[in-house]
$ cat upload.txt   # compact mmCIF, C-alpha atoms
# COMPACT_ATOMS: atom_id res chain seq x y z
CA MET Z 934 5.36 -23.84 25.31
CA SER Z 935 8.04 -25.20 27.68
CA ASP Z 936 9.93 -22.71 29.90
CA HIS Z 937 12.90 -22.99 27.57
CA THR Z 938 10.71 -22.30 24.55
CA VAL Z 939 9.04 -19.34 26.26
CA VAL Z 940 12.43 -17.74 26.95
CA ALA Z 941 13.61 -18.42 23.40
CA PHE Z 942 10.35 -17.09 21.99
CA ASP Z 943 10.57 -13.90 24.05
CA ARG Z 944 14.12 -13.38 22.87
CA GLU Z 945 13.09 -13.79 19.25
CA LEU Z 946 10.15 -11.44 19.75
CA ASP Z 947 12.50 -8.83 21.23
CA GLU Z 948 14.72 -9.24 18.20
CA LEU Z 949 11.72 -8.66 15.89
CA GLY Z 950 10.84 -5.58 17.98
CA ARG Z 951 14.38 -4.22 17.61
CA ARG Z 952 14.20 -4.55 13.83
CA ILE Z 953 10.81 -2.79 13.76
CA THR Z 954 12.30 0.02 15.88
CA GLU Z 955 15.22 0.32 13.49
CA MET Z 956 12.85 0.36 10.51
CA GLY Z 957 10.76 3.02 12.25
CA ASP Z 958 13.86 5.18 12.84
CA VAL Z 959 14.94 4.87 9.21
CA ALA Z 960 11.41 5.52 7.89
CA SER Z 961 10.74 8.62 10.01
CA GLN Z 962 14.16 10.04 9.14
CA MET Z 963 13.39 9.46 5.44
CA VAL Z 964 10.02 11.23 5.73
CA GLY Z 965 11.50 14.27 7.52
CA ASP Z 966 14.47 14.52 5.16
CA ALA Z 967 12.35 14.06 2.01
CA VAL Z 968 10.06 16.96 2.89
CA ASN Z 969 13.01 19.12 3.99
CA ALA Z 970 14.70 18.36 0.68
CA LEU Z 971 11.50 19.41 -1.07
CA SER Z 972 11.18 22.65 0.93
CA ASN Z 973 14.79 23.67 0.44
CA GLY Z 974 15.36 22.21 -3.02
CA ASP Z 975 18.22 20.21 -1.47
CA SER Z 976 19.19 17.54 -4.03
CA GLY Z 977 21.93 16.08 -1.84
CA LEU Z 978 19.49 15.41 0.99
CA ALA Z 979 16.95 14.00 -1.47
CA GLN Z 980 19.62 11.66 -2.80
CA SER Z 981 20.43 10.42 0.71
CA VAL Z 982 16.72 9.59 1.22
CA ILE Z 983 16.69 7.59 -2.01
CA GLU Z 984 19.83 5.75 -0.89
CA SER Z 985 18.26 4.85 2.48
CA ASP Z 986 15.45 2.88 0.89
CA PRO Z 987 17.30 -0.41 0.23
CA ARG Z 988 18.15 -0.59 3.97
CA LEU Z 989 14.44 -0.49 4.78
CA ASP Z 990 13.65 -3.13 2.15
CA SER Z 991 16.35 -5.39 3.52
CA LEU Z 992 15.12 -4.97 7.13
CA GLN Z 993 11.59 -5.81 6.01
CA ARG Z 994 12.78 -9.04 4.40
CA ASP Z 995 14.70 -9.84 7.61
CA VAL Z 996 11.55 -9.38 9.70
CA GLU Z 997 9.60 -11.66 7.38
CA GLN Z 998 12.28 -14.35 7.32
CA GLN Z 999 12.74 -14.22 11.06
CA ALA Z 1000 8.98 -14.40 11.66
CA ILE Z 1001 8.76 -17.56 9.52
CA LEU Z 1002 11.63 -19.14 11.47
CA THR Z 1003 10.06 -18.17 14.81
CA ILE Z 1004 6.67 -19.61 13.88
CA ALA Z 1005 8.28 -22.82 12.61
CA ARG Z 1006 10.53 -23.21 15.68
CA ARG Z 1007 8.28 -22.03 18.50
CA GLN Z 1008 4.83 -22.75 17.06
CA PRO Z 1009 3.20 -19.88 18.91
CA VAL Z 1010 -0.59 -19.69 19.26
CA ALA Z 1011 -3.18 -17.03 20.18
CA ARG Z 1012 -1.66 -13.71 21.26
CA ASP Z 1013 1.94 -14.90 20.68
CA LEU Z 1014 1.10 -15.72 17.08
CA ARG Z 1015 -0.65 -12.37 16.66
CA GLU Z 1016 2.55 -10.70 17.91
CA VAL Z 1017 4.68 -12.37 15.24
CA LEU Z 1018 2.22 -11.79 12.40
CA GLY Z 1019 1.68 -8.22 13.61
CA ALA Z 1020 5.42 -7.55 13.28
CA VAL Z 1021 5.31 -8.77 9.65
CA GLN Z 1022 2.42 -6.44 8.81
CA ILE Z 1023 3.96 -3.44 10.60
CA ALA Z 1024 7.24 -4.01 8.74
CA LYS Z 1025 5.28 -3.98 5.47
CA ASP Z 1026 3.66 -0.65 6.36
CA LEU Z 1027 7.05 0.85 7.28
CA GLU Z 1028 8.55 -0.34 4.03
CA ARG Z 1029 5.70 1.34 2.12
CA ILE Z 1030 6.26 4.56 4.09
CA GLY Z 1031 9.87 4.45 2.88
CA ASP Z 1032 8.67 4.07 -0.73
CA LEU Z 1033 6.43 7.13 -0.37
CA ALA Z 1034 9.25 9.18 1.18
CA LYS Z 1035 11.54 8.07 -1.66
CA ASN Z 1036 8.96 9.25 -4.18
CA ILE Z 1037 8.81 12.69 -2.50
CA ALA Z 1038 12.62 12.83 -2.56
CA TRP Z 1039 12.64 11.99 -6.26
CA ARG Z 1040 10.13 14.79 -6.92
CA ALA Z 1041 12.31 17.16 -4.85
CA THR Z 1042 15.12 16.57 -7.35
CA THR Z 1043 12.76 16.97 -10.34
CA ILE Z 1044 10.73 20.10 -9.53
CA ASP Z 1045 12.14 23.36 -10.81
CA ARG Z 1046 12.94 25.30 -7.60
CA ARG Z 1047 11.85 28.63 -9.05
CA MET Z 1048 8.37 27.25 -9.81
CA ARG Z 1049 7.50 26.03 -6.30
CA PRO Z 1050 4.85 28.14 -4.56
CA LEU Z 1051 6.49 28.89 -1.21
CA HIS Z 1052 3.33 28.75 0.89
CA THR Z 1053 2.53 25.27 -0.43
CA THR Z 1054 5.90 23.89 0.63
CA VAL Z 1055 5.27 25.41 4.09
CA ARG Z 1056 1.90 23.67 4.26
CA LEU Z 1057 3.41 20.40 3.08
CA GLN Z 1058 5.98 20.75 5.84
CA GLN Z 1059 3.19 21.20 8.40
CA MET Z 1060 1.36 18.19 7.00
CA SER Z 1061 4.53 16.14 7.09
CA ASN Z 1062 5.10 17.15 10.74
CA VAL Z 1063 1.72 15.62 11.61
CA ALA Z 1064 2.51 12.43 9.67
CA GLU Z 1065 5.91 12.17 11.36
CA GLU Z 1066 4.39 12.71 14.80
CA MET Z 1067 1.84 9.98 14.08
CA LEU Z 1068 4.63 7.65 13.03
CA ILE Z 1069 6.83 8.35 16.05
CA ASP Z 1070 3.84 8.08 18.41
CA ILE Z 1071 2.70 4.76 17.04
CA LEU Z 1072 6.20 3.29 17.13
CA ASP Z 1073 6.29 4.27 20.79
CA GLY Z 1074 2.75 2.89 21.20
CA TYR Z 1075 3.93 -0.38 19.66
CA ALA Z 1076 6.99 -0.57 21.93
CA ARG Z 1077 4.78 -0.02 24.99
CA ARG Z 1078 1.86 -2.09 23.65
CA ASP Z 1079 -0.35 0.92 24.38
CA ALA Z 1080 -3.90 0.58 23.01
CA MET Z 1081 -4.99 4.10 24.02
CA ARG Z 1082 -1.99 5.62 22.24
CA SER Z 1083 -2.81 3.64 19.11
CA LYS Z 1084 -6.36 4.99 19.17
CA MET Z 1085 -5.07 8.57 19.49
CA VAL Z 1086 -2.81 8.10 16.47
CA TRP Z 1087 -5.58 6.50 14.47
CA LEU Z 1088 -7.90 9.45 15.19
CA ARG Z 1089 -5.37 11.94 13.79
CA ASP Z 1090 -5.70 10.46 10.32
CA THR Z 1091 -8.69 12.70 9.53
CA GLU Z 1092 -6.54 15.74 10.40
CA LEU Z 1093 -4.16 14.81 7.58
CA ASP Z 1094 -7.06 14.16 5.19
CA SER Z 1095 -8.36 17.71 5.78
CA MET Z 1096 -4.91 19.21 5.29
CA GLU Z 1097 -4.47 17.26 2.06
CA ASP Z 1098 -7.85 18.38 0.80
CA LEU Z 1099 -6.96 22.02 1.48
CA ILE Z 1100 -3.56 21.80 -0.23
CA CYS Z 1101 -5.07 20.02 -3.20
CA ARG Z 1102 -7.75 22.71 -3.72
CA ASP Z 1103 -5.19 25.46 -3.33
CA LEU Z 1104 -2.82 23.86 -5.86
CA VAL Z 1105 -5.61 23.59 -8.42
CA THR Z 1106 -6.38 27.30 -7.92
CA GLN Z 1107 -2.72 28.20 -8.35
CA MET Z 1108 -2.49 26.12 -11.52
CA THR Z 1109 -5.49 27.97 -12.91
CA GLU Z 1110 -4.00 31.35 -12.08
CA ASN Z 1111 -0.49 30.64 -13.29
CA PRO Z 1112 -0.14 27.97 -15.99
CA ARG Z 1113 3.67 28.31 -15.90
CA ILE Z 1114 3.80 26.47 -12.58
CA ILE Z 1115 1.44 23.62 -13.55
CA THR Z 1116 4.19 20.99 -13.77
CA ALA Z 1117 5.60 21.90 -10.36
CA CYS Z 1118 2.11 21.98 -8.86
CA ALA Z 1119 1.27 18.54 -10.32
CA HIS Z 1120 4.36 17.15 -8.55
CA LEU Z 1121 3.29 18.85 -5.32
CA LEU Z 1122 -0.20 17.32 -5.65
CA PHE Z 1123 1.45 13.90 -5.61
CA CYS Z 1124 3.73 14.89 -2.71
CA SER Z 1125 0.70 15.90 -0.70
CA LYS Z 1126 -1.02 12.61 -1.57
CA ASN Z 1127 2.15 10.74 -0.55
CA ILE Z 1128 2.22 12.43 2.86
CA GLU Z 1129 -1.44 11.53 3.32
CA GLY Z 1130 -0.45 7.95 2.39
CA ILE Z 1131 2.30 7.99 5.04
CA GLY Z 1132 -0.34 8.98 7.61
CA ASN Z 1133 -2.62 6.17 6.37
CA HIS Z 1134 0.14 3.65 6.94
CA ALA Z 1135 0.83 5.06 10.44
CA SER Z 1136 -2.88 4.73 11.07
CA SER Z 1137 -2.87 1.16 9.76
CA ILE Z 1138 0.00 0.35 12.17
CA ALA Z 1139 -2.15 1.91 14.93
CA GLU Z 1140 -5.04 -0.43 14.07
CA ARG Z 1141 -2.61 -3.34 14.12
CA VAL Z 1142 -1.21 -2.37 17.54
CA HIS Z 1143 -4.70 -1.94 18.96
CA TYR Z 1144 -5.73 -5.38 17.74
CA LEU Z 1145 -2.51 -6.86 19.06
CA VAL Z 1146 -3.03 -5.48 22.56
CA THR Z 1147 -6.81 -5.81 22.92
CA GLY Z 1148 -7.67 -8.55 20.41
CA SER Z 1149 -10.32 -6.27 18.90
CA ALA Z 1150 -10.54 -3.57 16.24
CA ILE Z 1151 -10.64 0.14 17.14
CA ASP Z 1152 -14.21 1.14 17.96
CA VAL Z 1153 -15.15 3.37 15.05
CA VAL Z 1154 -18.68 4.18 16.19
CA GLN Z 1155 -17.83 6.21 19.25
CA PRO Z 1156 -14.44 7.82 18.83
CA GLU Z 1157 -13.25 9.54 22.00
CA PRO Z 1158 -12.94 13.32 21.95
CA HIS Z 1159 -9.38 14.63 21.74
CA MET M 358 2.47 -33.56 10.20
CA SER M 359 0.43 -36.78 10.61
CA ASP M 360 -1.65 -38.01 7.65
CA HIS M 361 -4.76 -36.68 9.33
CA THR M 362 -3.15 -33.27 9.83
CA VAL M 363 -1.90 -33.20 6.23
CA VAL M 364 -5.42 -33.79 4.91
CA ALA M 365 -6.87 -31.19 7.28
CA PHE M 366 -4.13 -28.72 6.36
CA ASP M 367 -4.72 -29.22 2.63
CA ARG M 368 -8.43 -28.66 3.13
CA GLU M 369 -7.79 -25.41 5.01
CA LEU M 370 -5.31 -24.29 2.37
CA ASP M 371 -7.94 -24.94 -0.33
CA GLU M 372 -10.39 -22.86 1.67
CA LEU M 373 -7.87 -20.00 1.84
CA GLY M 374 -7.34 -20.36 -1.91
CA ARG M 375 -11.09 -20.13 -2.54
CA ARG M 376 -11.30 -16.90 -0.55
CA ILE M 377 -8.36 -15.44 -2.47
CA THR M 378 -10.10 -16.39 -5.73
CA GLU M 379 -13.28 -14.70 -4.58
CA MET M 380 -11.34 -11.60 -3.54
CA GLY M 381 -9.61 -11.60 -6.93
CA ASP M 382 -12.97 -11.79 -8.72
CA VAL M 383 -14.41 -8.92 -6.69
CA ALA M 384 -11.25 -6.81 -7.08
CA SER M 385 -10.93 -7.22 -10.85
CA GLN M 386 -14.63 -6.50 -11.31
CA MET M 387 -14.22 -3.34 -9.22
CA VAL M 388 -11.24 -2.18 -11.31
CA GLY M 389 -13.05 -2.74 -14.62
CA ASP M 390 -16.28 -1.14 -13.41
CA ALA M 391 -14.51 1.86 -11.85
CA VAL M 392 -12.72 2.76 -15.08
CA ASN M 393 -15.89 2.15 -17.13
CA ALA M 394 -17.78 4.43 -14.77
CA LEU M 395 -15.07 7.04 -15.29
CA SER M 396 -15.14 6.71 -19.09
CA ASN M 397 -18.92 6.88 -19.33
CA GLY M 398 -19.61 9.22 -16.42
CA ASP M 399 -21.82 6.45 -14.99
CA SER M 400 -22.54 7.38 -11.35
CA GLY M 401 -24.68 4.28 -10.72
CA LEU M 402 -21.84 1.97 -11.73
CA ALA M 403 -19.38 4.03 -9.65
CA GLN M 404 -21.68 3.69 -6.67
CA SER M 405 -21.82 -0.09 -7.06
CA VAL M 406 -17.99 -0.18 -7.01
CA ILE M 407 -17.95 1.82 -3.78
CA GLU M 408 -20.51 -0.56 -2.29
CA SER M 409 -18.43 -3.63 -3.20
CA ASP M 410 -15.49 -2.53 -1.09
CA PRO M 411 -16.73 -3.70 2.35
CA ARG M 412 -17.08 -7.23 0.92
CA LEU M 413 -13.40 -7.21 0.00
CA ASP M 414 -12.43 -5.85 3.43
CA SER M 415 -14.45 -8.55 5.13
CA LEU M 416 -12.91 -11.32 2.98
CA GLN M 417 -9.45 -10.00 3.79
CA ARG M 418 -10.16 -10.19 7.51
CA ASP M 419 -11.51 -13.75 7.00
CA VAL M 420 -8.27 -14.79 5.27
CA GLU M 421 -6.21 -13.34 8.10
CA GLN M 422 -8.31 -14.96 10.83
CA GLN M 423 -8.34 -18.28 9.07
CA ALA M 424 -4.57 -18.18 8.50
CA ILE M 425 -3.99 -17.59 12.23
CA LEU M 426 -6.24 -20.55 13.09
CA THR M 427 -4.52 -22.78 10.54
CA ILE M 428 -1.04 -21.93 11.81
CA ALA M 429 -2.14 -22.49 15.42
CA ARG M 430 -3.90 -25.80 14.63
CA ARG M 431 -1.60 -27.37 12.05
CA GLN M 432 1.71 -25.72 12.93
CA PRO M 433 2.98 -25.82 9.35
CA VAL M 434 6.67 -25.31 8.57
CA ALA M 435 8.79 -24.48 5.51
CA ARG M 436 6.80 -24.30 2.28
CA ASP M 437 3.46 -25.00 4.01
CA LEU M 438 4.00 -22.01 6.27
CA ARG M 439 5.01 -19.87 3.28
CA GLU M 440 1.72 -20.88 1.63
CA VAL M 441 -0.35 -19.65 4.57
CA LEU M 442 1.59 -16.42 5.06
CA GLY M 443 1.57 -15.85 1.29
CA ALA M 444 -2.24 -15.99 1.29
CA VAL M 445 -2.32 -13.29 3.99
CA GLN M 446 -0.06 -11.00 1.97
CA ILE M 447 -1.93 -11.59 -1.29
CA ALA M 448 -5.23 -10.82 0.45
CA LYS M 449 -3.72 -7.54 1.68
CA ASP M 450 -2.68 -6.60 -1.87
CA LEU M 451 -6.16 -7.42 -3.21
CA GLU M 452 -7.78 -5.35 -0.49
CA ARG M 453 -5.55 -2.39 -1.45
CA ILE M 454 -6.49 -2.86 -5.13
CA GLY M 455 -10.12 -2.54 -4.05
CA ASP M 456 -9.30 0.73 -2.23
CA LEU M 457 -7.67 2.14 -5.35
CA ALA M 458 -10.64 1.11 -7.53
CA LYS M 459 -12.99 2.70 -5.00
CA ASN M 460 -11.00 5.93 -5.20
CA ILE M 461 -11.31 5.94 -9.02
CA ALA M 462 -15.07 5.33 -8.66
CA TRP M 463 -15.35 8.24 -6.24
CA ARG M 464 -13.54 10.48 -8.72
CA ALA M 465 -15.87 9.26 -11.48
CA THR M 466 -18.79 10.68 -9.50
CA THR M 467 -16.92 13.94 -8.79
CA ILE M 468 -15.45 14.95 -12.15
CA ASP M 469 -17.59 17.21 -14.29
CA ARG M 470 -18.36 15.05 -17.35
CA ARG M 471 -18.11 17.95 -19.78
CA MET M 472 -14.57 18.70 -18.62
CA ARG M 473 -13.05 15.25 -19.22
CA PRO M 474 -10.67 15.14 -22.20
CA LEU M 475 -12.01 12.17 -24.19
CA HIS M 476 -8.67 10.87 -25.41
CA THR M 477 -7.38 10.70 -21.81
CA THR M 478 -10.27 8.52 -20.69
CA VAL M 479 -9.55 6.24 -23.67
CA ARG M 480 -5.90 6.00 -22.60
CA LEU M 481 -6.88 5.35 -19.00
CA GLN M 482 -9.13 2.56 -20.26
CA GLN M 483 -6.19 1.02 -22.15
CA MET M 484 -4.01 1.33 -19.09
CA SER M 485 -6.69 -0.24 -16.93
CA ASN M 486 -7.00 -3.15 -19.40
CA VAL M 487 -3.31 -3.91 -18.85
CA ALA M 488 -3.71 -3.71 -15.06
CA GLU M 489 -6.76 -5.98 -15.19
CA GLU M 490 -4.97 -8.51 -17.40
CA MET M 491 -2.05 -8.53 -14.97
CA LEU M 492 -4.44 -9.14 -12.10
CA ILE M 493 -6.36 -11.93 -13.82
CA ASP M 494 -3.12 -13.55 -15.01
CA ILE M 495 -1.54 -13.54 -11.59
CA LEU M 496 -4.64 -14.94 -9.92
CA ASP M 497 -4.50 -17.77 -12.44
CA GLY M 498 -0.74 -18.04 -11.83
CA TYR M 499 -1.44 -18.30 -8.10
CA ALA M 500 -4.10 -20.97 -8.58
CA ARG M 501 -1.70 -23.02 -10.73
CA ARG M 502 1.39 -22.15 -8.64
CA ASP M 503 3.03 -21.09 -11.92
CA ALA M 504 6.40 -19.34 -11.41
CA MET M 505 6.90 -18.52 -15.10
CA ARG M 506 3.48 -16.88 -15.27
CA SER M 507 4.28 -14.81 -12.22
CA LYS M 508 7.48 -13.60 -13.85
CA MET M 509 5.58 -12.60 -17.02
CA VAL M 510 3.10 -10.55 -14.96
CA TRP M 511 5.89 -8.95 -12.97
CA LEU M 512 7.65 -7.88 -16.18
CA ARG M 513 4.55 -6.06 -17.44
CA ASP M 514 4.75 -3.57 -14.61
CA THR M 515 7.14 -1.34 -16.58
CA GLU M 516 4.55 -1.21 -19.40
CA LEU M 517 2.09 0.43 -17.01
CA ASP M 518 4.75 2.81 -15.71
CA SER M 519 5.42 4.05 -19.25
CA MET M 520 1.70 4.47 -19.95
CA GLU M 521 1.27 6.40 -16.72
CA ASP M 522 4.19 8.65 -17.54
CA LEU M 523 2.71 9.43 -20.96
CA ILE M 524 -0.76 10.19 -19.59
CA CYS M 525 0.71 12.37 -16.84
CA ARG M 526 2.73 14.48 -19.30
CA ASP M 527 -0.24 14.81 -21.62
CA LEU M 528 -2.54 15.91 -18.77
CA VAL M 529 -0.07 18.60 -17.69
CA THR M 530 0.03 19.89 -21.29
CA GLN M 531 -3.75 19.96 -21.46
CA MET M 532 -3.96 21.83 -18.15
CA THR M 533 -1.55 24.41 -19.52
CA GLU M 534 -3.56 24.85 -22.70
CA ASN M 535 -6.98 24.94 -21.09
CA PRO M 536 -7.13 26.13 -17.47
CA ARG M 537 -10.90 25.46 -17.36
CA ILE M 538 -10.27 21.71 -17.22
CA ILE M 539 -7.54 21.80 -14.55
CA THR M 540 -9.74 20.33 -11.78
CA ALA M 541 -10.89 17.43 -13.96
CA CYS M 542 -7.32 16.81 -15.13
CA ALA M 543 -6.02 16.79 -11.54
CA HIS M 544 -8.56 14.05 -10.75
CA LEU M 545 -7.46 12.13 -13.85
CA LEU M 546 -3.81 12.44 -12.76
CA PHE M 547 -4.75 10.61 -9.56
CA CYS M 548 -6.82 8.03 -11.49
CA SER M 549 -3.81 7.29 -13.65
CA LYS M 550 -1.61 6.98 -10.54
CA ASN M 551 -4.22 4.65 -8.98
CA ILE M 552 -4.22 2.35 -12.02
CA GLU M 553 -0.42 2.27 -11.86
CA GLY M 554 -0.79 1.37 -8.18
CA ILE M 555 -3.17 -1.48 -9.07
CA GLY M 556 -0.49 -2.83 -11.42
CA ASN M 557 2.12 -2.48 -8.66
CA HIS M 558 -0.02 -4.60 -6.35
CA ALA M 559 -0.55 -7.22 -9.09
CA SER M 560 3.21 -7.20 -9.54
CA SER M 561 3.72 -7.57 -5.79
CA ILE M 562 1.38 -10.60 -5.83
CA ALA M 563 3.49 -11.97 -8.71
CA GLU M 564 6.66 -11.66 -6.61
CA ARG M 565 4.86 -13.40 -3.77
CA VAL M 566 3.71 -16.29 -6.00
CA HIS M 567 7.19 -16.68 -7.46
CA TYR M 568 8.71 -16.88 -3.99
CA LEU M 569 6.02 -19.29 -2.89
CA VAL M 570 6.68 -21.69 -5.76
CA THR M 571 10.46 -21.43 -6.10
CA GLY M 572 11.55 -20.24 -2.64
CA SER M 573 13.50 -17.41 -4.29
CA ALA M 574 12.88 -13.85 -5.49
CA ILE M 575 12.36 -13.05 -9.19
CA ASP M 576 15.76 -12.66 -10.86
CA VAL M 577 15.89 -8.97 -11.65
CA VAL M 578 19.31 -8.99 -13.32
CA GLN M 579 18.43 -11.00 -16.39
CA PRO M 580 14.75 -10.60 -17.19
CA GLU M 581 13.62 -12.95 -19.95
CA PRO M 582 12.41 -11.43 -23.23
CA HIS M 583 8.66 -11.47 -23.74
$ encode --input "upload.txt" --output "structure tokens"
Amino acid sequence: MSDHTVVAFDRELDELGRRITEMGDVASQMVGDAVNALSNGDSGLAQSVIESDPRLDSLQRDVEQQAILTIARRQPVARDLREVLGAVQIAKDLERIGDLAKNIAWRATTIDRRMRPLHTTVRLQQMSNVAEEMLIDILDGYARRDAMRSKMVWLRDTELDSMEDLICRDLVTQMTENPRIITACAHLLFCSKNIEGIGNHASSIAERVHYLVTGSAIDVVQPEPH
Amino acid sequence: MSDHTVVAFDRELDELGRRITEMGDVASQMVGDAVNALSNGDSGLAQSVIESDPRLDSLQRDVEQQAILTIARRQPVARDLREVLGAVQIAKDLERIGDLAKNIAWRATTIDRRMRPLHTTVRLQQMSNVAEEMLIDILDGYARRDAMRSKMVWLRDTELDSMEDLICRDLVTQMTENPRIITACAHLLFCSKNIEGIGNHASSIAERVHYLVTGSAIDVVQPEPH
């Protein structure tokens, strides 16, 4: 690339980064609000989550369009190209996180408040805190191009899997003991699965960031202790 | 592009197309086998589905690597660039379909056969047939670059949503009536959600193909009758 092209490319990459940051802010807010709405049976808050989703969809399309323009104009190769394609993939993950949060918000408006087992909503809140932390950490890791941070986030995915497994078993037990709350519990099963899915997407962004920075996948054979 | 580059680009695009076709074959086989394994309680078949997944993951990585090389070498613009990026996104959807099929296969090995309500597995089979048809149709639509076909597939997504809704309600009723089968029914709830997810990914590929061929999104305001 010529000096002029390098400057223009860097500017366009910064612009992509800003959109990813904005998407990340919207997505993590949606996740937090959706689970709060579920815990407190707050339909207004749930509705605001649902209304945030089109913004995320529109930002994702922007990232994709801008990436196509940047590739066509600047014809980046090697790491520069990975940067642009990485932004497209990360935007896709963030958009999917928004979809999952929206689904939790929809369930928050559907579940009969009186039928929600209180301790399950507390556990879902704890699970969601982990997912949100993963999301915020990896967005920071992306902004700093920090491979070690991405590995740390990626390793936390198993933590969420264990929490989901526990909640799932407990919900099945509760359904067995009290058939009146089966419908509410079925919704909560899906909420728990959605939060796990949010963590999976954060973890997928972490893999992407690691590859972007180091050019190689996260070493799965010898995970570092944490 | 020079004539030489055009020929080389077309050859590389064909190669990407072949990998997508192979991924599509593996993915649709996995979906069919996973639901058959679930219906018949066939652990061997379920295991073979689980073992197919790494092949799909590896093909997806190939598509991504090859797309990066093609962009770097041929520096395509406009529709040519959309073609290459489209292949990357379609490969991602197919890889996710494989994950969902693998999850169904895992549940097939976990659910106690005696506890499965027979009529639910029949309905899941019907639902899976629709998802498989959507997948096969859109892979054909992609190979032929057929925008109308992609729209038809996309429209079928609501069919799956209705089927999923019906199965979900029925499972909750069964859980209420017979607490002994709650664990099995909870697994079947997730299987049903996974099949719906497979349809969503087929539908997402359909949107991608439509955009690829026409340069515009599917018109959601006036869907054509089918």
$ residues_near_point --input "upload.txt" --point "(-4.8, 12.4, 5.0)" --cutoff "8 Å" --atoms "only C-alpha atoms" --output "list in words"
Asp1090, Thr1091, Glu1092, Leu1093, Asp1094, Ser1095, Met1096, Glu1097, Asp1098, Lys1126, Ile1128, Glu1129, Gly1130, Gly1132 and Asn1133 of chain Z
$ residues_around --input "upload.txt" --residues "stretch 450-467 of chain M" --least-positions-apart "2" --cutoff "8 Å" --atoms "all atoms listed in the file" --output "PyMOL selection string"
chain M and resi 380-381+384+387-388+391-392+394-395+398-400+403-404+406-407+410+413-414+417+446-448+469+544+548+551-552+554-555+558-559+561-562
$ interface_residues --input "upload.txt" --of "chain Z" --to "chain M" --cutoff "12 Å" --atoms "only C-alpha atoms" --output "VMD selection string"
chain Z and resid 994 997 to 998 1000 to 1019 1021 to 1022 1025 to 1026 1029 1101 to 1127 1133 to 1134 1137 1148 1150
$ atom_distance --input "upload.txt" --atom1 "atom CA of Z:Glu945" --atom2 "atom CA of Z:Leu1072"
18.5 Å
$ atom_distance --input "upload.txt" --atom1 "atom CA of M:Leu402" --atom2 "atom CA of M:Asp390"
6.6 Å
$ atom_distance --input "upload.txt" --atom1 "atom CA of M:Leu492" --atom2 "atom CA of M:Arg368"
25.1 Å
$ axis_aligned_box --input "upload.txt" --around "stretch 378-384 of chain M" --padding-each-side "6 Å" --output "JSON"
{"center_x": -12.0, "center_y": -11.6, "center_z": -6.1, "size_x": 16.8, "size_y": 21.6, "size_z": 17.2}
$ residues_around --input "upload.txt" --residues "M:Thr477" --least-positions-apart "4" --cutoff "8 Å" --atoms "only C-alpha atoms" --output "PDB file with C-alpha atoms, keeping the file's coordinate frame"
ATOM      1  CA  ARG M 473     -13.050  15.250 -19.220  1.00  0.00           C
ATOM      2  CA  LEU M 481      -6.880   5.350 -19.000  1.00  0.00           C
ATOM      3  CA  ILE M 524      -0.760  10.190 -19.590  1.00  0.00           C
ATOM      4  CA  LEU M 528      -2.540  15.910 -18.770  1.00  0.00           C
TER       5      LEU M 528
END
$ closest_residue --input "upload.txt" --among "Z:Asp958, Z:Lys1084, Z:Leu1145, Z:Asn969" --to "Z:Gln1058" --atoms "all atoms listed in the file"
Z:Asn969
$ closest_residue --input "upload.txt" --among "M:Met484, M:Tyr568, M:Asp360, M:Ala500" --to "M:Arg375" --atoms "all atoms listed in the file"
M:Ala500
$ closest_residue --input "upload.txt" --among "Z:His937, Z:Arg1077, Z:Arg952, Z:Arg1046" --to "Z:Ser972" --atoms "only C-alpha atoms"
Z:Arg1046
$ residues_around --input "upload.txt" --residues "Z:Val1146" --least-positions-apart "2" --cutoff "8 Å" --atoms "only C-alpha atoms" --output "ChimeraX atom specification"
/Z:1078-1080,1142-1144,1148
$ decode --input "upload.txt" --residues "stretch 521-528 of chain M" --atoms "N, CA and C atoms" --output "PDB file, in the first residue's frame"
ATOM      1  N   GLU M 521     -42.612 -25.741  15.574  1.00  0.00           N
ATOM      2  CA  GLU M 521     -41.866 -25.727  16.834  1.00  0.00           C
ATOM      3  C   GLU M 521     -42.766 -25.285  17.977  1.00  0.00           C
ATOM      4  N   ASP M 522     -43.562 -24.286  17.712  1.00  0.00           N
ATOM      5  CA  ASP M 522     -44.475 -23.760  18.721  1.00  0.00           C
ATOM      6  C   ASP M 522     -45.447 -24.857  19.190  1.00  0.00           C
ATOM      7  N   LEU M 523     -45.976 -25.592  18.216  1.00  0.00           N
ATOM      8  CA  LEU M 523     -46.926 -26.672  18.493  1.00  0.00           C
ATOM      9  C   LEU M 523     -46.280 -27.769  19.343  1.00  0.00           C
ATOM     10  N   ILE M 524     -45.089 -28.191  18.931  1.00  0.00           N
ATOM     11  CA  ILE M 524     -44.381 -29.261  19.650  1.00  0.00           C
ATOM     12  C   ILE M 524     -44.070 -28.804  21.079  1.00  0.00           C
ATOM     13  N   CYS M 525     -43.642 -27.568  21.206  1.00  0.00           N
ATOM     14  CA  CYS M 525     -43.277 -27.021  22.518  1.00  0.00           C
ATOM     15  C   CYS M 525     -44.487 -27.038  23.465  1.00  0.00           C
ATOM     16  N   ARG M 526     -45.631 -26.558  22.966  1.00  0.00           N
ATOM     17  CA  ARG M 526     -46.845 -26.553  23.800  1.00  0.00           C
ATOM     18  C   ARG M 526     -47.243 -27.964  24.200  1.00  0.00           C
ATOM     19  N   ASP M 527     -47.160 -28.878  23.220  1.00  0.00           N
ATOM     20  CA  ASP M 527     -47.552 -30.255  23.483  1.00  0.00           C
ATOM     21  C   ASP M 527     -46.625 -30.898  24.524  1.00  0.00           C
ATOM     22  N   LEU M 528     -45.319 -30.613  24.416  1.00  0.00           N
ATOM     23  CA  LEU M 528     -44.375 -31.191  25.378  1.00  0.00           C
ATOM     24  C   LEU M 528     -44.655 -30.692  26.793  1.00  0.00           C
TER      25      LEU M 528
END
